[in-house]
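Peer 1: Got a structure for you, written out below as structure tokens; questions coming shortly.
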Amino acid sequence: MSLKIIVLAKQVPDTRNVGKDAMKADGTVNRAALPAIFNPEDLNALEQALRLKDAYPGTTITLLTMGPGRAAEIIREGLYRGADGGYLLTDRAFAGADTLATSYAISMAIRQIKEYDLIICGRQAIDGDTAQVGPQVAEKLGLTQITYAEEIQKVEGGKITIKRRLERGVEVVEGKLPLVVTVNGSAPDCRPRNAKFVQQYKHAKTITEKQEADADYLNLYDSRPYLNLTEWSVADVDADVKLCGLSGSPTKVKKIENVIFQAKENMTLEPTDEAIDTLMRELILNHTIG
């Protein structure tokens, strides 16, 4: 048995380096001011897809991402780890999308891809923390969804068995393919890049990137079609421009406040039992604990 898997991935600003220029005046993220990374939980999702590919020969993994041209790097990162191809949704009309507009655009792209058994994505992106896009995509496509997945245990007889990590415990559930799965950050970390795949796919580019590429490499894309990354606009996925980007986003940021944490008193402890005992006594006396 082989599977056709779509992994939804997002390039996000690294929130570990948030500064005063992180937000624009209109309430949207100033992505140009922050380094871009592969959304962490989407990497967990990719690892689950790669494990299925290892377990079921013939399985293919396609990455789907939406963003500016530089988001093609997310597809290459997936290829370096074992994915087979990818699609980049990029168009000015997609800019400023909230979860509703994002899930609409993604669902329209998936309809263009047509063939799939499984759609996997991270539970949420670190630049929004809404955990809404995966479930909204499932709803728009009319698919079953399994959320908070920690491990995809098996696929058998057209059904998938998944272990979910919930706030107060763990449960194992079963669903019928095709369906959408969102993966927790508690799932296994994604494997590192494979040196062989890096060499194979380092020149993989979208059509826009090829226009800016060194002319010496252009012949590669005719002889090695796997290096051609598909780039889709609003028109390419037959989307209604009014439902994309800012025009399709009912969510509006009313106000932004910058909160600055200032250091107060601190205490340095020696790594001894006596120092820890003294600290515990002090915390009990001032009613911090106990």
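Following the order of the structure tokens, first chain is A, next is B, and so on, with residues numbered from 1 inside each chain and ligands from 1 in the order they appear.
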Please list as number ranges by chain every residue within 9 Å of Tyr226 in chain A, counting only C-alpha atoms and excluding residues in the same chain fewer than 3 positions away.
Peer 2: A: 84-85, 201, 204, 221, 229
Peer 1: If you count only C-alpha atoms, which residues fall within 9 Å of Gly175 in chain A, apart from same-chain ones fewer than 4 positions away, as a VMD selection string?
Peer 2: chain A and resid 144 to 146 158 to 162 179
Peer 1: Could you find all residues in range 10-245 of chain A that DSSP calls strand (DSSP E or B) from the backbone, and write them as number ranges by chain?
Peer 2: A: 11-13, 23, 29, 36-38, 60-66, 85-89, 118-122, 144-156, 159-166, 169-176, 179-183, 205, 228, 230-232
Peer 1: Can you list, as an NGL selection string, every residue of range 35-87 of chain A that DSSP puts in alpha helix (DSSP H)?
Peer 2: :A and (40-55 or 72-81)
Peer 1: In Å to one decimal, how far is CA of Ala71 in chain A from CA of Leu89 in chain A?
Peer 2: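 CA of Ala71 in chain A lies at a distance of 9.1 Å from CA of Leu89 in chain A.
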Peer 1: Quick one: which range 27-124 of chain A residues come within 9 Å of range 181-199 of chain A, and what is the nearest atom pair for each with the distance in Å to one decimal, counting only C-alpha atoms, rows ordered by chain and ascending number, as a tab-separated table?
Peer 2:
```
residue	atom	partner	partner_atom	distance
A:Pro40	CA	A:Gly185	CA	7.3
A:Glu41	CA	A:Gly185	CA	5.1
A:Asp42	CA	A:Val183	CA	7.6
A:Leu43	CA	A:Cys190	CA	5.5
A:Asn44	CA	A:Cys190	CA	5.4
A:Ala45	CA	A:Val183	CA	5.5
A:Leu46	CA	A:Cys190	CA	6.7
A:Glu47	CA	A:Cys190	CA	4.7
A:Gln48	CA	A:Pro188	CA	8.0
A:Leu50	CA	A:Cys190	CA	8.8
A:Arg76	CA	A:Val198	CA	8.5
A:Glu77	CA	A:Arg193	CA	7.5
A:Gly78	CA	A:Arg193	CA	8.5
A:Leu79	CA	A:Phe197	CA	6.8
A:Tyr80	CA	A:Phe197	CA	4.8
A:Arg81	CA	A:Arg193	CA	4.8
A:Gly82	CA	A:Phe197	CA	7.1
A:Leu118	CA	A:Val181	CA	7.6
A:Ile119	CA	A:Val181	CA	6.2
A:Ile120	CA	A:Val181	CA	4.8
A:Cys121	CA	A:Thr182	CA	5.0
A:Gly122	CA	A:Val183	CA	4.7
A:Arg123	CA	A:Thr182	CA	4.8
A:Gln124	CA	A:Thr182	CA	8.2
```
